[in-house]
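See below for the structure under consideration.
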Amino acid sequence: MTLTDEQKAALKKLRRKFPNSAVRQRPIITCPACELLDRDQPGAVCAEHEASHCESCGEVFTVAHEHLDYVGHAHIRERLIEADPGWDWEPLGRDDNGNPVFDSYGGLWIRLTVAGVSRLGYGDAEGRRGTAATKEVIGDALRNAGQSFGMALDLWKTQSPRRRRAARPPARAAVKPVDKRDADAIRGTIRNYASRRFGWALPQIDANFTCWAGGLGGETFATAPADLLDRYREHLDSTPDDGADA
Ligand SMILES: [Zn+2]
Ligand SMILES: [Zn+2]
């Protein structure tokens, strides 16, 4: 895809670093027992950990947590407007009444268009439902699609991924040949692998793939063909455990 100078200038604005004032911290529980309890009863902790007020994220929470930096919804929208006042998004699927179709996890795939360039994104509210959760899903999807444009990409690249200390992946020889599998199957394999090894969810994979595939104008994780996905899987295989670029 060849971009005009005008498009390039608009998309460059998306990649500008966000000021520290736009960056917030979201707590991520690192103890599986605490996480399970917190799901049923927010703030509940296991026998080994206690809850206390955290100066960093401002939450009363199990002490067994790390922080995930993220840019708030308002700042994301502000940045999109700065880059292209005519930016827009649409859901990938609509039902018979024209409403966006959410998947069984309550997540939503969207197409974000800025300066005439479109990228897919996926948002979720970690299984929560309701009107507030729906707004969170949309914000999350915009943030995720934005990462494929390089927006706030530095944030997830520098932070400590969850479950980084997970077990080593199987040796290369143990990985099955992928010739006969189609692109979707390889995408599934990559998602499992990246989750297990780096603690990456789909947004991180999307963003990492975009970087690896050459940034703007390149293939996205959602649309890449099997051979490219195969090469990406090999690339992940040779990536150091901290998920930094090899
Ligand atoms: Zn715990
Ligand atoms: Zn905290």
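Letters for chains follow the order of the structure tokens (A, B, ...), residue numbers begin at 1 for each chain, and ligand numbers begin at 1 in the order shown.
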
Practice problem: Residues up to 12 Å from ligand 1, counting only C-alpha atoms and all ligand atoms: could you list those as an MDAnalysis selection string? | Solution: chainID A and resid 29:38 43:51 61:65

Write the residues of the selection above to a file with N, CA and C atoms, as a PDB file, in the first residue's frame.
```pdb
ATOM      1  N   ILE A  29      -3.044  -9.012  38.676  1.00  0.00           N
ATOM      2  CA  ILE A  29      -2.747  -9.935  39.773  1.00  0.00           C
ATOM      3  C   ILE A  29      -1.780 -11.010  39.299  1.00  0.00           C
ATOM      4  N   THR A  30      -0.730 -11.252  40.081  1.00  0.00           N
ATOM      5  CA  THR A  30       0.282 -12.239  39.679  1.00  0.00           C
ATOM      6  C   THR A  30       0.131 -13.562  40.420  1.00  0.00           C
ATOM      7  N   CYS A  31      -0.714 -13.613  41.446  1.00  0.00           N
ATOM      8  CA  CYS A  31      -0.937 -14.861  42.189  1.00  0.00           C
ATOM      9  C   CYS A  31      -2.220 -15.515  41.668  1.00  0.00           C
ATOM     10  N   PRO A  32      -2.113 -16.737  41.115  1.00  0.00           N
ATOM     11  CA  PRO A  32      -3.307 -17.398  40.549  1.00  0.00           C
ATOM     12  C   PRO A  32      -4.434 -17.561  41.571  1.00  0.00           C
ATOM     13  N   ALA A  33      -4.064 -17.846  42.829  1.00  0.00           N
ATOM     14  CA  ALA A  33      -5.101 -18.040  43.858  1.00  0.00           C
ATOM     15  C   ALA A  33      -5.833 -16.723  44.120  1.00  0.00           C
ATOM     16  N   CYS A  34      -5.086 -15.648  44.264  1.00  0.00           N
ATOM     17  CA  CYS A  34      -5.703 -14.326  44.474  1.00  0.00           C
ATOM     18  C   CYS A  34      -6.593 -13.968  43.276  1.00  0.00           C
ATOM     19  N   GLU A  35      -6.098 -14.268  42.076  1.00  0.00           N
ATOM     20  CA  GLU A  35      -6.836 -13.910  40.872  1.00  0.00           C
ATOM     21  C   GLU A  35      -8.194 -14.600  40.832  1.00  0.00           C
ATOM     22  N   LEU A  36      -8.186 -15.876  41.196  1.00  0.00           N
ATOM     23  CA  LEU A  36      -9.412 -16.660  41.188  1.00  0.00           C
ATOM     24  C   LEU A  36     -10.425 -16.094  42.191  1.00  0.00           C
ATOM     25  N   LEU A  37      -9.929 -15.766  43.393  1.00  0.00           N
ATOM     26  CA  LEU A  37     -10.810 -15.237  44.433  1.00  0.00           C
ATOM     27  C   LEU A  37     -11.338 -13.855  44.051  1.00  0.00           C
ATOM     28  N   ASP A  38     -10.458 -13.055  43.469  1.00  0.00           N
ATOM     29  CA  ASP A  38     -10.839 -11.685  43.107  1.00  0.00           C
ATOM     30  C   ASP A  38     -11.936 -11.672  42.046  1.00  0.00           C
ATOM     31  N   GLY A  43     -11.256  -7.804  45.348  1.00  0.00           N
ATOM     32  CA  GLY A  43     -10.498  -7.402  46.532  1.00  0.00           C
ATOM     33  C   GLY A  43     -10.158  -8.569  47.443  1.00  0.00           C
ATOM     34  N   ALA A  44     -10.793  -9.752  47.212  1.00  0.00           N
ATOM     35  CA  ALA A  44     -10.504 -10.918  48.055  1.00  0.00           C
ATOM     36  C   ALA A  44      -9.081 -11.408  47.792  1.00  0.00           C
ATOM     37  N   VAL A  45      -8.425 -11.926  48.824  1.00  0.00           N
ATOM     38  CA  VAL A  45      -7.042 -12.398  48.677  1.00  0.00           C
ATOM     39  C   VAL A  45      -6.888 -13.806  49.231  1.00  0.00           C
ATOM     40  N   CYS A  46      -5.818 -14.499  48.809  1.00  0.00           N
ATOM     41  CA  CYS A  46      -5.554 -15.856  49.282  1.00  0.00           C
ATOM     42  C   CYS A  46      -4.880 -15.803  50.656  1.00  0.00           C
ATOM     43  N   ALA A  47      -4.656 -16.981  51.233  1.00  0.00           N
ATOM     44  CA  ALA A  47      -4.104 -17.055  52.596  1.00  0.00           C
ATOM     45  C   ALA A  47      -2.677 -16.510  52.679  1.00  0.00           C
ATOM     46  N   GLU A  48      -1.976 -16.532  51.552  1.00  0.00           N
ATOM     47  CA  GLU A  48      -0.570 -16.111  51.596  1.00  0.00           C
ATOM     48  C   GLU A  48      -0.362 -14.613  51.377  1.00  0.00           C
ATOM     49  N   HIS A  49      -1.400 -13.938  50.864  1.00  0.00           N
ATOM     50  CA  HIS A  49      -1.228 -12.519  50.554  1.00  0.00           C
ATOM     51  C   HIS A  49      -2.241 -11.672  51.298  1.00  0.00           C
ATOM     52  N   GLU A  50      -1.896 -10.419  51.477  1.00  0.00           N
ATOM     53  CA  GLU A  50      -2.869  -9.521  52.083  1.00  0.00           C
ATOM     54  C   GLU A  50      -3.213  -8.402  51.114  1.00  0.00           C
ATOM     55  N   ALA A  51      -4.319  -7.736  51.394  1.00  0.00           N
ATOM     56  CA  ALA A  51      -4.726  -6.615  50.561  1.00  0.00           C
ATOM     57  C   ALA A  51      -4.248  -5.328  51.234  1.00  0.00           C
ATOM     58  N   PHE A  61      -5.903  -3.685  47.040  1.00  0.00           N
ATOM     59  CA  PHE A  61      -5.741  -4.830  46.187  1.00  0.00           C
ATOM     60  C   PHE A  61      -4.753  -5.798  46.805  1.00  0.00           C
ATOM     61  N   THR A  62      -4.756  -7.049  46.350  1.00  0.00           N
ATOM     62  CA  THR A  62      -3.734  -7.990  46.814  1.00  0.00           C
ATOM     63  C   THR A  62      -2.338  -7.412  46.538  1.00  0.00           C
ATOM     64  N   VAL A  63      -1.409  -7.672  47.471  1.00  0.00           N
ATOM     65  CA  VAL A  63      -0.048  -7.162  47.254  1.00  0.00           C
ATOM     66  C   VAL A  63       0.612  -7.906  46.088  1.00  0.00           C
ATOM     67  N   ALA A  64       0.056  -9.079  45.718  1.00  0.00           N
ATOM     68  CA  ALA A  64       0.618  -9.852  44.611  1.00  0.00           C
ATOM     69  C   ALA A  64       0.107  -9.309  43.288  1.00  0.00           C
ATOM     70  N   HIS A  65       0.562  -8.123  42.928  1.00  0.00           N
ATOM     71  CA  HIS A  65       0.185  -7.600  41.617  1.00  0.00           C
ATOM     72  C   HIS A  65       1.299  -6.758  41.001  1.00  0.00           C
TER      73      HIS A  65
END
```

Which residues are near ligand 2 in this structure, taking near to mean any atom at most 10 Å from a ligand atom and counting only C-alpha atoms and all ligand atoms? Format them as an mmCIF file with C-alpha atoms, in the first residue's frame.
```cif
data_model
loop_
_atom_site.group_PDB
_atom_site.id
_atom_site.type_symbol
_atom_site.label_atom_id
_atom_site.label_comp_id
_atom_site.auth_asym_id
_atom_site.auth_seq_id
_atom_site.Cartn_x
_atom_site.Cartn_y
_atom_site.Cartn_z
ATOM 1 C CA GLN A 25 -1.619 2.006 35.598
ATOM 2 C CA ARG A 26 -3.864 -0.989 35.722
ATOM 3 C CA PRO A 27 -3.177 -3.649 38.375
ATOM 4 C CA ILE A 28 -2.545 -7.187 37.142
ATOM 5 C CA ILE A 29 -2.747 -9.935 39.773
ATOM 6 C CA SER A 52 -3.400 -3.114 50.993
ATOM 7 C CA HIS A 53 -3.670 0.293 49.396
ATOM 8 C CA CYS A 54 -1.215 0.583 46.507
ATOM 9 C CA GLU A 55 0.397 3.994 45.961
ATOM 10 C CA SER A 56 1.045 3.274 42.277
ATOM 11 C CA CYS A 57 -2.388 2.274 41.039
ATOM 12 C CA GLY A 58 -4.434 3.740 43.880
ATOM 13 C CA GLU A 59 -6.375 0.500 44.427
ATOM 14 C CA VAL A 60 -6.931 -1.552 47.545
ATOM 15 C CA PHE A 61 -5.741 -4.830 46.187
ATOM 16 C CA THR A 62 -3.734 -7.990 46.814
ATOM 17 C CA VAL A 63 -0.048 -7.162 47.254
ATOM 18 C CA ALA A 64 0.618 -9.852 44.611
ATOM 19 C CA HIS A 65 0.185 -7.600 41.617
ATOM 20 C CA GLU A 66 2.167 -5.850 38.910
ATOM 21 C CA HIS A 67 1.176 -2.876 36.819
ATOM 22 C CA LEU A 68 0.255 -2.552 33.221
#
```

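The shell of residues at most 9 Å from region 11-15 of chain A, with only C-alpha atoms counted and near chain neighbours (fewer than 2 positions) removed, consists of Glu6, Gln7, Lys8, Ala9, Lys17, Phe18, Arg79, Leu80, Glu82, Ala83, Asp84, Val114, Ala115, Val117, Gly146, Gln147, Phe149, Gly150, Met151, Ala152, Leu153 and Leu216 of chain A.
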
Taking only residues of region 40-84 of chain A that have an atom at most 10 Å from an atom of region 123-143 of chain A, what is each one's shortest atom pair and its distance in Å to one decimal, using only C-alpha atoms, in chain and number order, as CSV?
```
residue,atom,partner,partner_atom,distance
A:Tyr70,CA,A:Arg143,CA,8.9
A:Val71,CA,A:Arg143,CA,8.0
A:Gly72,CA,A:Gly139,CA,8.4
A:His73,CA,A:Gly139,CA,5.5
A:Ala74,CA,A:Gly139,CA,8.8
A:Ile76,CA,A:Arg143,CA,6.8
A:Arg77,CA,A:Leu142,CA,8.3
A:Leu80,CA,A:Leu142,CA,9.4
```

File of the preceding selection, C-alpha atoms, as a PDB file, in the first residue's frame:
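Final output, saved to again25.pdb:
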```pdb
ATOM      1  CA  TYR A  70      -2.001   2.027  29.408  1.00  0.00           C
ATOM      2  CA  VAL A  71      -3.331   5.194  27.825  1.00  0.00           C
ATOM      3  CA  GLY A  72      -6.828   6.185  28.896  1.00  0.00           C
ATOM      4  CA  HIS A  73      -9.756   6.200  26.496  1.00  0.00           C
ATOM      5  CA  ALA A  74     -10.097  10.002  26.325  1.00  0.00           C
ATOM      6  CA  ILE A  76      -6.776   7.749  22.680  1.00  0.00           C
ATOM      7  CA  ARG A  77      -9.753   9.535  21.121  1.00  0.00           C
ATOM      8  CA  LEU A  80      -7.180  10.010  16.796  1.00  0.00           C
TER       9      LEU A  80
END
```

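Of the residues listed (A:Arg16, A:Pro100, A:Pro240, A:Glu219), A:Glu219 shows the shortest atom-to-atom separation from Met1 (chain A); distances use only C-alpha atoms.
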
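Using only C-alpha atoms, the smallest distance between any of A:Ile81, A:Leu120, A:Leu3, A:Ala145 and Thr223 (chain A) comes from A:Leu120.
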
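Ranking A:Ile110, A:Ala222, A:Ala185, A:Ala201 by their shortest atom-to-atom distance to Trp89 (chain A), with only C-alpha atoms included, puts A:Ile110 first.
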
Exercise. Record the distance separating CA of His235 (chain A) and CA of Ile186 (chain A), expressed in Å with one decimal.
Key: 13.5 Å

Within 10 Å of Leu92 (chain A), counting only C-alpha atoms, which residues qualify if same-chain residues fewer than 5 places away don't, as an mmCIF file with C-alpha atoms, in the first residue's frame?
```cif
data_model
loop_
_atom_site.group_PDB
_atom_site.id
_atom_site.type_symbol
_atom_site.label_atom_id
_atom_site.label_comp_id
_atom_site.auth_asym_id
_atom_site.auth_seq_id
_atom_site.Cartn_x
_atom_site.Cartn_y
_atom_site.Cartn_z
ATOM 1 C CA PRO A 100 -22.405 -4.672 16.594
ATOM 2 C CA VAL A 101 -21.902 -8.418 17.093
ATOM 3 C CA PHE A 102 -19.922 -9.334 20.198
ATOM 4 C CA LEU A 108 -15.623 -7.048 19.751
ATOM 5 C CA TRP A 109 -13.660 -6.914 16.496
ATOM 6 C CA ILE A 110 -13.552 -3.486 14.896
ATOM 7 C CA ARG A 111 -12.101 -1.780 11.851
ATOM 8 C CA LEU A 112 -10.425 1.536 12.712
ATOM 9 C CA LEU A 120 -8.442 -4.328 12.667
ATOM 10 C CA GLY A 121 -8.598 -4.343 16.442
ATOM 11 C CA TYR A 122 -10.087 -6.469 19.186
#
```

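Going from CA of Ile205 (chain A) over to CA of Ser118 (chain A), you cover 17.9 Å.
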
Quiz item: Got a sec to tell me which of region 31-63 of chain A DSSP assigns to strand (DSSP E or B), as a ChimeraX atom specification?
Solution: /A:51-53,60-62

Practice problem: Compile the contact shell of Phe209 (chain A) as an MDAnalysis selection string: residues with an atom at most 8 Å away, counting only C-alpha atoms, same-chain residues fewer than 4 positions apart removed. | Solution: chainID A and resid 205 213 220:221 232

Quiz item: Can you list every residue in region 3-239 of chain A that DSSP puts in helix (DSSP H, G or I), as a VMD selection string?
Solution: chain A and resid 5 to 15 20 to 22 32 to 40 73 to 83 131 to 148 153 to 158 172 to 174 183 to 198 202 to 212 226 to 237
